[in-house]
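Source file: protein_25.txt; contents: compact mmCIF, C-alpha atoms.
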```txt
# COMPACT_ATOMS: atom_id res chain seq x y z
CA MET O 266 -38.08 -0.39 26.37
CA SER O 267 -35.09 -1.26 28.52
CA ASN O 268 -32.45 -0.10 26.03
CA TYR O 269 -34.19 3.18 25.19
CA LEU O 270 -31.84 6.08 24.44
CA SER O 271 -33.22 9.59 24.26
CA PRO O 272 -32.38 11.93 21.36
CA ARG O 273 -28.98 13.65 21.70
CA SER O 274 -27.50 10.35 22.87
CA SER O 275 -24.54 9.15 20.78
CA VAL O 276 -24.48 6.37 18.22
CA GLY O 277 -21.03 4.99 17.37
CA ILE O 278 -20.57 3.56 13.86
CA ILE O 279 -17.62 1.43 12.77
CA GLY O 280 -17.09 1.68 9.02
CA THR O 281 -16.82 4.24 6.24
CA ASN O 282 -18.80 2.47 3.51
CA GLU O 283 -22.16 3.46 2.05
CA GLN O 284 -24.03 1.45 4.69
CA ALA O 285 -22.27 3.46 7.41
CA TYR O 286 -23.33 6.66 5.65
CA GLN O 287 -26.98 5.60 5.52
CA LEU O 288 -26.88 4.53 9.18
CA ALA O 289 -25.49 7.95 10.10
CA LEU O 290 -28.26 9.70 8.15
CA ALA O 291 -30.90 7.57 9.89
CA ALA O 292 -29.43 8.32 13.32
CA LYS O 293 -29.29 12.04 12.60
CA LYS O 294 -32.91 11.99 11.37
CA LEU O 295 -33.98 10.56 14.73
CA GLY O 296 -32.01 13.16 16.70
CA TYR O 297 -28.87 11.26 17.69
CA ARG O 298 -25.24 12.33 17.65
CA VAL O 299 -22.96 10.21 15.48
CA ASN O 300 -19.37 9.11 16.17
CA VAL O 301 -17.56 7.27 13.37
CA LEU O 302 -14.44 5.08 13.33
CA GLY O 303 -12.78 4.15 10.04
CA THR O 304 -9.62 4.01 7.98
CA SER O 305 -10.56 6.58 5.35
CA MET O 306 -9.98 10.33 5.77
CA TYR O 307 -12.13 11.18 2.74
CA SER O 308 -15.33 9.26 3.32
CA LEU O 309 -18.93 10.16 2.68
CA VAL O 310 -19.94 9.43 6.27
CA GLN O 311 -17.40 11.90 7.68
CA ALA O 312 -19.66 14.82 6.77
CA GLU O 313 -22.35 13.43 9.10
CA ALA O 314 -20.04 12.65 12.04
CA ASP O 315 -19.92 14.70 15.23
CA GLN O 316 -16.65 12.93 16.10
CA TYR O 317 -14.50 11.04 13.62
CA PHE O 318 -11.72 8.60 14.54
CA ILE O 319 -9.27 7.82 11.73
CA VAL O 320 -7.24 4.66 12.27
CA GLU O 321 -4.46 3.15 10.21
CA SER O 322 -5.65 -0.35 11.01
CA MET O 323 -8.87 -2.00 12.14
CA GLN O 324 -6.71 -3.75 14.74
CA ASP O 325 -6.31 -0.53 16.79
CA GLN O 326 -7.76 -1.59 20.14
CA ARG O 327 -7.38 1.83 21.76
CA ALA O 328 -9.42 3.51 19.04
CA PHE O 329 -12.27 1.02 19.43
CA LYS O 330 -12.22 1.56 23.19
CA LYS O 331 -12.29 5.34 22.73
CA LEU O 332 -15.24 5.11 20.34
CA ALA O 333 -17.20 3.07 22.89
CA GLN O 334 -16.33 5.47 25.70
CA VAL O 335 -17.88 8.44 23.88
CA SER O 336 -20.90 6.51 22.54
CA ASP O 337 -24.04 5.11 24.14
CA VAL O 338 -24.48 2.37 21.53
CA VAL O 339 -22.03 1.06 18.91
CA LEU O 340 -22.91 -0.48 15.54
CA TYR O 341 -20.70 -1.65 12.70
CA THR O 342 -20.93 -2.05 8.93
CA ASN O 343 -17.31 -3.19 8.59
CA GLU O 344 -16.70 -6.46 10.42
CA ASN O 345 -12.98 -6.58 9.67
CA PHE O 346 -11.80 -6.35 13.28
CA PRO O 347 -10.99 -8.89 16.04
CA ASN O 348 -14.04 -10.54 17.59
CA GLN O 349 -12.81 -9.75 21.12
CA PHE O 350 -13.19 -6.01 20.44
CA ILE O 351 -16.96 -6.45 20.86
CA LYS O 352 -16.49 -7.62 24.44
CA LEU O 353 -14.11 -4.71 25.04
CA MET O 354 -16.57 -2.13 23.70
CA SER O 355 -19.44 -3.69 25.64
CA GLN O 356 -17.79 -2.53 28.87
CA PHE O 357 -18.58 1.08 27.91
CA ALA O 358 -21.52 1.00 25.47
CA HIS O 359 -24.33 -1.22 24.28
CA VAL O 360 -23.20 -3.35 21.30
CA PRO O 361 -26.29 -5.08 19.84
CA GLN O 362 -24.33 -7.02 17.20
CA SER O 363 -23.18 -9.85 19.43
CA GLU O 364 -19.87 -11.69 19.56
CA ASP O 365 -21.69 -14.84 18.44
CA MET O 366 -23.10 -13.21 15.33
CA HIS O 367 -19.79 -11.51 14.46
CA PHE O 368 -18.05 -14.88 14.75
CA PHE O 369 -20.67 -16.60 12.59
CA THR O 370 -20.77 -14.00 9.81
CA THR O 371 -16.99 -13.67 9.42
CA ASP O 372 -15.90 -17.33 9.38
CA ARG O 373 -17.08 -19.73 6.66
CA SER O 374 -15.74 -22.75 8.58
CA VAL O 375 -17.89 -21.81 11.58
CA GLN O 376 -20.91 -21.49 9.27
CA SER O 377 -20.22 -24.94 7.81
CA VAL O 378 -20.10 -26.54 11.27
CA MET O 379 -23.21 -24.77 12.56
CA LEU O 380 -25.21 -25.50 9.40
CA GLU O 381 -24.33 -29.20 9.45
CA GLY O 382 -27.49 -31.26 9.81
CA SER O 383 -29.76 -28.23 9.32
CA GLY O 384 -30.61 -29.00 5.71
CA LEU O 385 -28.99 -25.71 4.65
CA ASP O 386 -25.90 -25.63 2.46
CA LEU O 387 -23.29 -23.01 1.66
CA TYR O 388 -22.76 -22.09 -1.97
CA PRO O 389 -19.63 -23.91 -3.29
CA TYR O 390 -16.52 -21.92 -2.47
CA SER O 391 -12.80 -22.13 -1.87
CA LEU O 392 -10.85 -20.01 0.61
CA ALA O 393 -7.79 -18.44 -1.01
CA VAL O 394 -4.82 -16.92 0.78
CA THR O 395 -2.26 -17.13 -2.04
CA ILE O 396 -2.40 -16.90 -5.81
CA GLU O 397 -1.74 -20.64 -5.94
CA ASP O 398 -4.93 -21.19 -3.93
CA VAL O 399 -6.84 -19.21 -6.56
CA ARG O 400 -5.26 -21.24 -9.38
CA GLU O 401 -6.20 -24.50 -7.66
CA ALA O 402 -9.78 -23.28 -7.16
CA LEU O 403 -10.10 -22.45 -10.87
CA ILE O 404 -8.85 -25.91 -11.78
CA SER O 405 -11.09 -27.60 -9.21
CA PHE O 406 -14.29 -25.80 -10.22
CA ASP O 407 -13.38 -26.12 -13.93
CA ARG O 408 -15.38 -23.03 -14.86
CA PRO O 409 -15.10 -19.22 -14.61
CA CYS O 410 -15.16 -17.95 -11.02
CA THR O 411 -15.48 -14.78 -9.00
CA ILE O 412 -13.07 -13.76 -6.27
CA ARG O 413 -13.95 -11.35 -3.47
CA THR O 414 -12.48 -10.38 -0.14
CA ALA O 415 -13.70 -12.53 2.76
CA LEU O 416 -14.30 -9.43 4.89
CA SER O 417 -15.39 -5.88 4.09
CA VAL O 418 -12.93 -3.80 2.09
CA PRO O 419 -14.30 -0.51 0.69
CA HIS O 420 -14.10 0.01 -3.09
CA LYS O 421 -12.97 -3.57 -3.77
CA PRO O 422 -15.72 -5.28 -5.77
CA ALA O 423 -15.63 -8.92 -6.78
CA ILE O 424 -13.54 -9.77 -9.84
CA GLU O 425 -14.47 -12.33 -12.49
CA LEU O 426 -11.78 -14.84 -13.43
CA ALA O 427 -12.39 -16.54 -16.77
CA SER O 428 -9.11 -18.45 -16.76
CA GLU O 429 -5.61 -18.53 -15.28
CA ALA O 430 -4.76 -15.60 -17.56
CA ASP O 431 -6.80 -13.41 -15.17
CA LEU O 432 -4.86 -14.36 -12.04
CA ASP O 433 -2.92 -11.08 -11.99
CA ALA O 434 -6.18 -9.25 -11.25
CA ALA O 435 -6.73 -11.47 -8.20
CA GLU O 436 -3.43 -10.49 -6.56
CA ALA O 437 -4.70 -7.01 -5.70
CA LEU O 438 -7.57 -8.48 -3.69
CA LEU O 439 -5.35 -11.04 -1.95
CA ALA O 440 -3.26 -8.15 -0.60
CA TYR O 441 -6.25 -7.27 1.62
CA GLY O 442 -6.43 -10.71 3.22
CA PRO O 443 -8.15 -14.07 2.63
CA CYS O 444 -10.54 -14.20 -0.32
CA ILE O 445 -13.52 -16.30 -1.33
CA VAL O 446 -13.45 -17.95 -4.77
CA GLU O 447 -16.85 -19.09 -6.08
CA PRO O 448 -17.83 -20.74 -9.37
CA ILE O 449 -20.01 -18.78 -11.79
CA GLN O 450 -23.03 -20.88 -12.68
CA GLU O 451 -25.51 -19.92 -15.37
CA GLN O 452 -29.14 -19.35 -14.41
CA VAL O 453 -28.32 -18.87 -10.72
CA ARG O 454 -30.20 -15.93 -9.26
CA ARG O 455 -29.05 -13.76 -6.35
CA ILE O 456 -31.79 -13.42 -3.74
CA VAL O 457 -31.51 -11.39 -0.52
CA ILE O 458 -33.65 -11.57 2.61
CA THR O 459 -33.20 -9.03 5.40
CA SER O 460 -34.92 -9.86 8.67
CA ILE O 461 -35.26 -8.63 12.22
CA LYS O 462 -35.12 -10.92 15.23
CA ASP O 463 -36.74 -9.40 18.31
CA ASP O 464 -36.04 -10.11 21.97
CA ALA O 465 -38.85 -12.69 22.01
CA GLY O 466 -37.17 -14.62 19.18
CA GLU O 467 -39.84 -13.64 16.67
CA PHE O 468 -38.95 -12.57 13.11
CA MET O 469 -40.09 -9.86 10.71
CA HIS O 470 -38.99 -9.93 7.07
CA PHE O 471 -38.47 -7.10 4.64
CA PRO O 472 -39.64 -7.90 1.07
CA ILE O 473 -37.45 -10.46 -0.68
CA SER O 474 -35.18 -8.72 -3.20
CA ALA O 475 -33.41 -9.94 -6.34
CA ILE O 476 -30.08 -8.69 -7.72
CA SER O 477 -29.75 -8.77 -11.49
CA ILE O 478 -27.13 -11.11 -12.95
CA ASP O 479 -27.73 -10.02 -16.54
CA ASP O 480 -24.74 -8.26 -18.12
CA GLU O 481 -26.91 -5.37 -19.29
CA THR O 482 -28.40 -4.59 -15.88
CA LYS O 483 -25.94 -6.20 -13.48
CA GLY O 484 -26.34 -4.74 -10.01
CA PHE O 485 -29.96 -3.63 -10.50
CA VAL O 486 -32.23 -4.69 -7.65
CA SER O 487 -35.92 -5.49 -8.00
CA ALA O 488 -38.48 -5.90 -5.23
CA PRO O 489 -40.49 -7.80 -4.43
CA ALA O 490 -38.60 -10.61 -6.19
CA GLN O 491 -40.70 -12.82 -8.45
CA LEU O 492 -40.58 -16.25 -6.79
CA GLU O 493 -42.84 -19.25 -6.43
CA GLU O 494 -44.73 -18.82 -3.15
CA ALA O 495 -43.46 -22.13 -1.75
CA THR O 496 -39.86 -21.19 -2.56
CA ALA O 497 -40.23 -17.79 -0.89
CA GLN O 498 -41.64 -19.43 2.24
CA LEU O 499 -38.81 -21.96 2.40
CA MET O 500 -36.20 -19.21 2.05
CA GLU O 501 -37.79 -17.16 4.82
CA GLN O 502 -37.87 -20.27 7.04
CA ALA O 503 -34.19 -20.87 6.28
CA THR O 504 -33.41 -17.27 7.21
CA GLU O 505 -35.20 -17.69 10.52
CA GLY O 506 -33.25 -20.90 11.12
CA ILE O 507 -29.99 -18.98 10.72
CA GLY O 508 -31.24 -16.33 13.14
CA GLN O 509 -32.18 -18.98 15.71
CA MET O 510 -28.68 -20.50 15.58
CA ASN O 511 -27.16 -17.31 16.99
CA ASP O 512 -27.68 -15.49 20.28
CA PHE O 513 -28.51 -11.91 19.28
CA VAL O 514 -31.34 -9.44 18.81
CA GLY O 515 -31.38 -7.23 15.74
CA LEU O 516 -31.23 -7.01 11.97
CA PHE O 517 -29.41 -9.44 9.69
CA SER O 518 -29.27 -10.27 5.98
CA VAL O 519 -28.80 -13.51 4.07
CA GLU O 520 -27.85 -13.65 0.40
CA TYR O 521 -28.83 -16.85 -1.40
CA ALA O 522 -27.98 -18.40 -4.75
CA LEU O 523 -31.18 -19.81 -6.28
CA THR O 524 -30.79 -22.41 -9.02
CA GLU O 525 -33.09 -23.19 -11.94
CA ASP O 526 -34.73 -26.08 -10.05
CA ASP O 527 -35.43 -23.84 -7.02
CA THR O 528 -32.61 -25.25 -4.91
CA PHE O 529 -30.96 -22.50 -2.87
CA TYR O 530 -27.59 -22.08 -1.20
CA ILE O 531 -26.26 -19.55 1.30
CA LYS O 532 -23.75 -17.15 -0.26
CA ALA O 533 -23.25 -14.67 2.58
CA VAL O 534 -24.63 -13.65 5.97
CA THR O 535 -24.21 -10.16 7.44
CA ASN O 536 -25.57 -8.64 10.65
CA TYR O 537 -26.12 -5.22 9.11
CA PRO O 538 -28.23 -4.02 6.14
CA HIS O 539 -27.51 -5.55 2.74
CA GLN O 540 -27.33 -2.95 0.00
CA ALA O 541 -29.85 -4.90 -2.05
CA LEU O 542 -32.46 -3.62 0.42
CA ASP O 543 -31.57 0.03 -0.14
CA HIS O 544 -34.83 0.33 -2.07
CA THR O 545 -36.48 0.52 1.38
CA LEU O 546 -35.15 4.09 1.56
CA LYS O 547 -38.02 4.87 -0.80
CA SER O 548 -40.48 2.00 -0.62
CA HIS O 549 -41.09 1.75 3.12
CA THR O 550 -42.10 3.94 6.05
CA PHE O 551 -38.59 3.33 7.36
CA SER O 552 -35.56 1.75 5.70
CA THR O 553 -33.44 -1.15 6.89
CA TYR O 554 -31.00 1.48 8.18
CA GLU O 555 -33.61 3.29 10.25
CA ALA O 556 -34.85 -0.10 11.49
CA MET O 557 -31.34 -0.93 12.71
CA ILE O 558 -31.04 2.43 14.49
CA ARG O 559 -34.52 2.06 16.02
CA LEU O 560 -33.62 -1.37 17.39
CA ALA O 561 -30.34 -0.06 18.79
CA VAL O 562 -31.90 2.91 20.63
CA GLY O 563 -35.05 1.16 21.81
CA LEU O 564 -37.64 2.72 19.51
CA PRO O 565 -40.64 0.66 18.33
CA LEU O 566 -41.00 -0.90 14.88
CA ASN O 567 -44.27 -1.21 13.00
CA PRO O 568 -45.07 -4.31 10.92
CA PHE O 569 -43.52 -4.09 7.47
CA SER O 570 -45.72 -3.40 4.46
CA GLN O 571 -45.15 -4.62 0.91
CA PRO O 572 -44.16 -1.97 -1.67
CA LEU O 573 -47.11 -0.50 -3.56
CA ALA O 574 -45.32 -1.07 -6.86
CA ASN O 575 -42.54 -3.16 -8.32
CA LEU O 576 -39.31 -1.26 -7.77
CA ILE O 577 -35.94 -1.19 -9.45
CA TYR O 578 -33.12 0.24 -7.36
CA TRP O 579 -29.54 0.84 -8.45
CA ARG O 580 -26.56 2.40 -6.67
CA PHE O 581 -24.16 3.83 -9.23
CA ASN O 582 -20.52 4.89 -9.19
CA GLU O 583 -18.39 7.25 -11.28
CA LYS O 584 -17.85 4.65 -14.01
CA GLN O 585 -21.59 4.14 -14.48
CA LEU O 586 -22.73 7.75 -14.89
CA HIS O 587 -23.35 7.34 -18.63
CA MET O 588 -25.88 4.58 -17.93
CA VAL O 589 -27.66 6.82 -15.41
CA GLU O 590 -27.98 9.58 -17.99
CA GLU O 591 -29.52 7.11 -20.44
CA LYS O 592 -32.11 6.05 -17.88
CA LEU O 593 -32.94 9.66 -17.06
CA GLN O 594 -33.65 10.41 -20.69
CA THR O 595 -35.75 7.32 -21.42
CA ASN O 596 -37.68 6.61 -18.19
CA THR O 597 -40.14 9.20 -16.89
CA SER O 598 -40.62 7.37 -13.56
CA THR O 599 -36.96 7.63 -12.55
CA ASP O 600 -36.12 9.13 -9.17
CA LEU O 601 -32.45 10.16 -8.98
CA VAL O 602 -30.45 11.13 -5.88
CA PHE O 603 -26.82 12.27 -5.99
CA TYR O 604 -24.76 11.96 -2.81
CA PRO O 605 -22.75 14.91 -1.43
CA ASN O 606 -19.50 13.30 -2.57
CA TYR O 607 -20.53 13.49 -6.25
CA LEU O 608 -18.70 16.83 -6.63
CA ASP O 609 -15.60 15.61 -4.78
CA GLU O 610 -12.70 15.00 -7.18
CA ARG O 611 -11.05 12.63 -4.68
CA ASN O 612 -13.65 9.89 -5.31
CA ASP O 613 -12.55 6.38 -6.05
CA LEU O 614 -14.06 5.15 -9.35
CA TYR O 615 -16.01 2.53 -7.38
CA ASP O 616 -17.38 4.96 -4.78
CA ALA O 617 -21.17 5.14 -4.90
CA VAL O 618 -22.09 8.71 -5.87
CA GLY O 619 -25.86 8.29 -5.96
CA HIS O 620 -28.80 5.99 -6.51
CA VAL O 621 -31.73 5.62 -8.88
CA PHE O 622 -35.27 4.36 -8.26
CA MET O 623 -37.41 3.26 -11.16
CA HIS O 624 -41.06 2.52 -10.46
CA GLN O 625 -43.32 0.06 -12.22
CA SER O 626 -46.99 -0.21 -11.35
CA ALA O 627 -47.67 -3.07 -13.76
CA LYS O 628 -47.90 -6.45 -12.06
CA VAL O 629 -45.34 -9.01 -13.19
CA SER O 630 -46.54 -12.61 -12.95
CA PRO O 631 -44.29 -14.84 -10.85
CA SER O 632 -42.57 -17.59 -12.80
CA LYS O 633 -39.70 -19.79 -11.81
CA GLN O 634 -38.74 -19.93 -15.48
CA ASP O 635 -38.10 -16.20 -15.45
CA GLN O 636 -34.43 -16.34 -14.52
CA HIS O 637 -33.94 -12.65 -15.18
CA ASP O 638 -36.92 -11.04 -13.47
CA GLU O 639 -34.84 -7.96 -12.82
CA GLN O 640 -34.30 -7.48 -16.57
CA ALA O 641 -37.99 -8.00 -17.22
CA SER O 642 -38.85 -5.33 -14.68
CA THR O 643 -36.42 -2.94 -16.29
CA ASP O 644 -37.79 -3.57 -19.78
CA GLN O 645 -41.37 -2.92 -18.62
CA SER O 646 -40.64 0.08 -16.44
CA GLU O 647 -42.12 2.53 -18.96
CA GLU O 648 -45.44 0.71 -19.40
```

Would you mind giving the structure from this file in structure tokens?
Amino acid sequence: MSNYLSPRSSVGIIGTNEQAYQLALAAKKLGYRVNVLGTSMYSLVQAEADQYFIVESMQDQRAFKKLAQVSDVVLYTNENFPNQFIKLMSQFAHVPQSEDMHFFTTDRSVQSVMLEGSGLDLYPYSLAVTIEDVREALISFDRPCTIRTALSVPHKPAIELASEADLDAAEALLAYGPCIVEPIQEQVRRIVITSIKDDAGEFMHFPISAISIDDETKGFVSAPAQLEEATAQLMEQATEGIGQMNDFVGLFSVEYALTEDDTFYIKAVTNYPHQALDHTLKSHTFSTYEAMIRLAVGLPLNPFSQPLANLIYWRFNEKQLHMVEEKLQTNTSTDLVFYPNYLDERNDLYDAVGHVFMHQSAKVSPSKQDQHDEQASTDQSEE
């Protein structure tokens, strides 16, 4: 392969989130050196880095140039930097995540223009820069909403806003830049498809995954998601359509909102692994992270296989440890992994400190009426 890099070559990674950590582990497993650029001195990925560049701002052009100069290929899991930095880094290293795809994934207005006439729609949203924008969005949607940062910010999860009384909580997120406000709609499922586009323009799809929206199990991921076959095919076709709109080769993820009548909307597009597919760390020959590294260094990929069993996957943080202990004591098929940072007292409460796999061999019948298939999988995990 033309972009083949031999082991001991260097992989540069931009980002200090959990995805960056898993990318670093995958690169190390395959024999590559790892250079990391990020804003956090105490990050999980730092322990895996051969060189680590700490920056005060993701606008530091010299740091990005330096990372590229000491790396053979550069990947990112934090897209919060100027688009032109990709062209700059490409002078010194291979950057598979193209300028086009960076532009598309970071700008909702660009997505709206490019999706026009395609038959695909974005999930309803409002862009908020000030607290007044958030207030207007709440009034306009006339229902509870969520607010999240438009670009990656570690440890800053989405916040639910039930009414204007919750606006103070939104101010902390607005301090990090523009935010996305979206209405909360009942019986809307979160579905994620991660795909690979090869240099011939052909696509391979990892198993479709579902993120639980139920209060009891929020954040749990089940795979393969229980969908009507026709709906699953349409969503995969839509994902390929998004891939065809952009000039790039590599891995990308699309998160959809699926309504009760099987209408789906695009919630987010990223050109790096979505955490909902972290179950592939256990369920597949290689994970989405290893797939991304393999593509970047020119190693072959085998066709993907479906998981042998229904899987529940959950990344947990410090605040959720009590729930993990409950699962350990009640589910004999639980596979628990703590990350090295679990014993570090400097952890943020929202830092992931481990993950849990729960296996279920029993077949769950697909049904579009089952709006909480993730909960059903959890309830049956001991059968």

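Residues surrounding O:Arg559 within 10 Å are Tyr269, Leu270, Ala291, Ala292, Leu295, Gly515, Phe551, Thr553, Tyr554, Glu555, Ala556, Val562, Gly563, Leu564, Pro565 and Leu566 of chain O [all atoms listed in the file; sequence separation below 3 positions excluded].
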
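With distances taken from (-19.0, -21.1, -8.5) and restricted to only C-alpha atoms, the residues inside 8 Å are Tyr388, Pro389, Tyr390, Phe406, Arg408, Pro409, Cys410, Thr411, Val446, Glu447, Pro448, Ile449 and Gln450 of chain O.
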
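Excluding O:Gln311 and any residue on its chain fewer than 3 positions from it, the residues at most 10 Å away by all atoms listed in the file are Thr281, Ala285, Tyr286, Ala289, Val299, Asn300, Val301, Leu302, Gly303, Ser305, Met306, Tyr307, Ser308, Ala314, Asp315, Gln316, Tyr317, Phe318 and Ile319 of chain O.
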
Quick one: everything within 9 Å of stretch 455-468 of chain O, counting only C-alpha atoms, minus sequence neighbours fewer than 2 positions away in the same chain. Send it as number ranges by chain. O: 453, 470-478, 490, 500-501, 504-505, 508-509, 513-523, 532, 537-539, 541-542, 553, 556-557, 560

Please write the residues from the selection above to a file, keeping C-alpha atoms, as a PDB file, keeping the file's coordinate frame.
```pdb
ATOM      1  CA  VAL O 453     -28.320 -18.870 -10.720  1.00  0.00           C
ATOM      2  CA  HIS O 470     -38.990  -9.930   7.070  1.00  0.00           C
ATOM      3  CA  PHE O 471     -38.470  -7.100   4.640  1.00  0.00           C
ATOM      4  CA  PRO O 472     -39.640  -7.900   1.070  1.00  0.00           C
ATOM      5  CA  ILE O 473     -37.450 -10.460  -0.680  1.00  0.00           C
ATOM      6  CA  SER O 474     -35.180  -8.720  -3.200  1.00  0.00           C
ATOM      7  CA  ALA O 475     -33.410  -9.940  -6.340  1.00  0.00           C
ATOM      8  CA  ILE O 476     -30.080  -8.690  -7.720  1.00  0.00           C
ATOM      9  CA  SER O 477     -29.750  -8.770 -11.490  1.00  0.00           C
ATOM     10  CA  ILE O 478     -27.130 -11.110 -12.950  1.00  0.00           C
ATOM     11  CA  ALA O 490     -38.600 -10.610  -6.190  1.00  0.00           C
ATOM     12  CA  MET O 500     -36.200 -19.210   2.050  1.00  0.00           C
ATOM     13  CA  GLU O 501     -37.790 -17.160   4.820  1.00  0.00           C
ATOM     14  CA  THR O 504     -33.410 -17.270   7.210  1.00  0.00           C
ATOM     15  CA  GLU O 505     -35.200 -17.690  10.520  1.00  0.00           C
ATOM     16  CA  GLY O 508     -31.240 -16.330  13.140  1.00  0.00           C
ATOM     17  CA  GLN O 509     -32.180 -18.980  15.710  1.00  0.00           C
ATOM     18  CA  PHE O 513     -28.510 -11.910  19.280  1.00  0.00           C
ATOM     19  CA  VAL O 514     -31.340  -9.440  18.810  1.00  0.00           C
ATOM     20  CA  GLY O 515     -31.380  -7.230  15.740  1.00  0.00           C
ATOM     21  CA  LEU O 516     -31.230  -7.010  11.970  1.00  0.00           C
ATOM     22  CA  PHE O 517     -29.410  -9.440   9.690  1.00  0.00           C
ATOM     23  CA  SER O 518     -29.270 -10.270   5.980  1.00  0.00           C
ATOM     24  CA  VAL O 519     -28.800 -13.510   4.070  1.00  0.00           C
ATOM     25  CA  GLU O 520     -27.850 -13.650   0.400  1.00  0.00           C
ATOM     26  CA  TYR O 521     -28.830 -16.850  -1.400  1.00  0.00           C
ATOM     27  CA  ALA O 522     -27.980 -18.400  -4.750  1.00  0.00           C
ATOM     28  CA  LEU O 523     -31.180 -19.810  -6.280  1.00  0.00           C
ATOM     29  CA  LYS O 532     -23.750 -17.150  -0.260  1.00  0.00           C
ATOM     30  CA  TYR O 537     -26.120  -5.220   9.110  1.00  0.00           C
ATOM     31  CA  PRO O 538     -28.230  -4.020   6.140  1.00  0.00           C
ATOM     32  CA  HIS O 539     -27.510  -5.550   2.740  1.00  0.00           C
ATOM     33  CA  ALA O 541     -29.850  -4.900  -2.050  1.00  0.00           C
ATOM     34  CA  LEU O 542     -32.460  -3.620   0.420  1.00  0.00           C
ATOM     35  CA  THR O 553     -33.440  -1.150   6.890  1.00  0.00           C
ATOM     36  CA  ALA O 556     -34.850  -0.100  11.490  1.00  0.00           C
ATOM     37  CA  MET O 557     -31.340  -0.930  12.710  1.00  0.00           C
ATOM     38  CA  LEU O 560     -33.620  -1.370  17.390  1.00  0.00           C
TER      39      LEU O 560
END
```

Please compute the atom CA of O:Val276-atom CA of O:Ser548 distance, one decimal, in Å.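 According to the coordinates, atom CA of O:Val276 and atom CA of O:Ser548 are separated by 25.1 Å.
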
Using only C-alpha atoms, which of the listed residues (O:Leu601, O:Ser391, O:Met354, O:Gln540) sits closest to O:Ser552?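 With only C-alpha atoms as the atom set, the closest residue is O:Gln540.
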
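If you measure from each of O:Tyr578, O:Ile279, O:Asp398, O:Val339 to O:Ile412 using only C-alpha atoms, the closest one turns out to be O:Asp398.
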
Please, what distance in Å, to one decimal, runs between atom CA of O:Phe581 and atom CA of O:His620?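 It comes out at 5.8 Å.
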
Find the residues near O:Tyr441: any atom within 12 Å, counting only C-alpha atoms, skip ones fewer than 4 places away on the same chain, and give them as a list in words. Ser322, Asn345, Ala393, Val394, Thr395, Arg413, Thr414, Ala415, Leu416, Ser417, Val418, Pro419, His420, Lys421, Ala435, Glu436, Ala437 and Ile445 of chain O

Any chance you can output those residues with C-alpha atoms as a short mmCIF file (atom, residue, chain, number, x, y, z; two decimals), keeping the file's coordinate frame?
```
data_model
loop_
_atom_site.label_atom_id
_atom_site.label_comp_id
_atom_site.auth_asym_id
_atom_site.auth_seq_id
_atom_site.Cartn_x
_atom_site.Cartn_y
_atom_site.Cartn_z
CA SER O 322 -5.65 -0.35 11.01
CA ASN O 345 -12.98 -6.58 9.67
CA ALA O 393 -7.79 -18.44 -1.01
CA VAL O 394 -4.82 -16.92 0.78
CA THR O 395 -2.26 -17.13 -2.04
CA ARG O 413 -13.95 -11.35 -3.47
CA THR O 414 -12.48 -10.38 -0.14
CA ALA O 415 -13.70 -12.53 2.76
CA LEU O 416 -14.30 -9.43 4.89
CA SER O 417 -15.39 -5.88 4.09
CA VAL O 418 -12.93 -3.80 2.09
CA PRO O 419 -14.30 -0.51 0.69
CA HIS O 420 -14.10 0.01 -3.09
CA LYS O 421 -12.97 -3.57 -3.77
CA ALA O 435 -6.73 -11.47 -8.20
CA GLU O 436 -3.43 -10.49 -6.56
CA ALA O 437 -4.70 -7.01 -5.70
CA ILE O 445 -13.52 -16.30 -1.33
#
```

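The interatomic distance for the pair atom CA of O:Gln362 and atom CA of O:Gln284 works out to 15.1 Å.
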
Which one is closest to O:Asp431: O:Leu403, O:Met323, O:Asp527, O:Leu392? Count all atoms listed in the file.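 Nearest to O:Asp431: O:Leu403.
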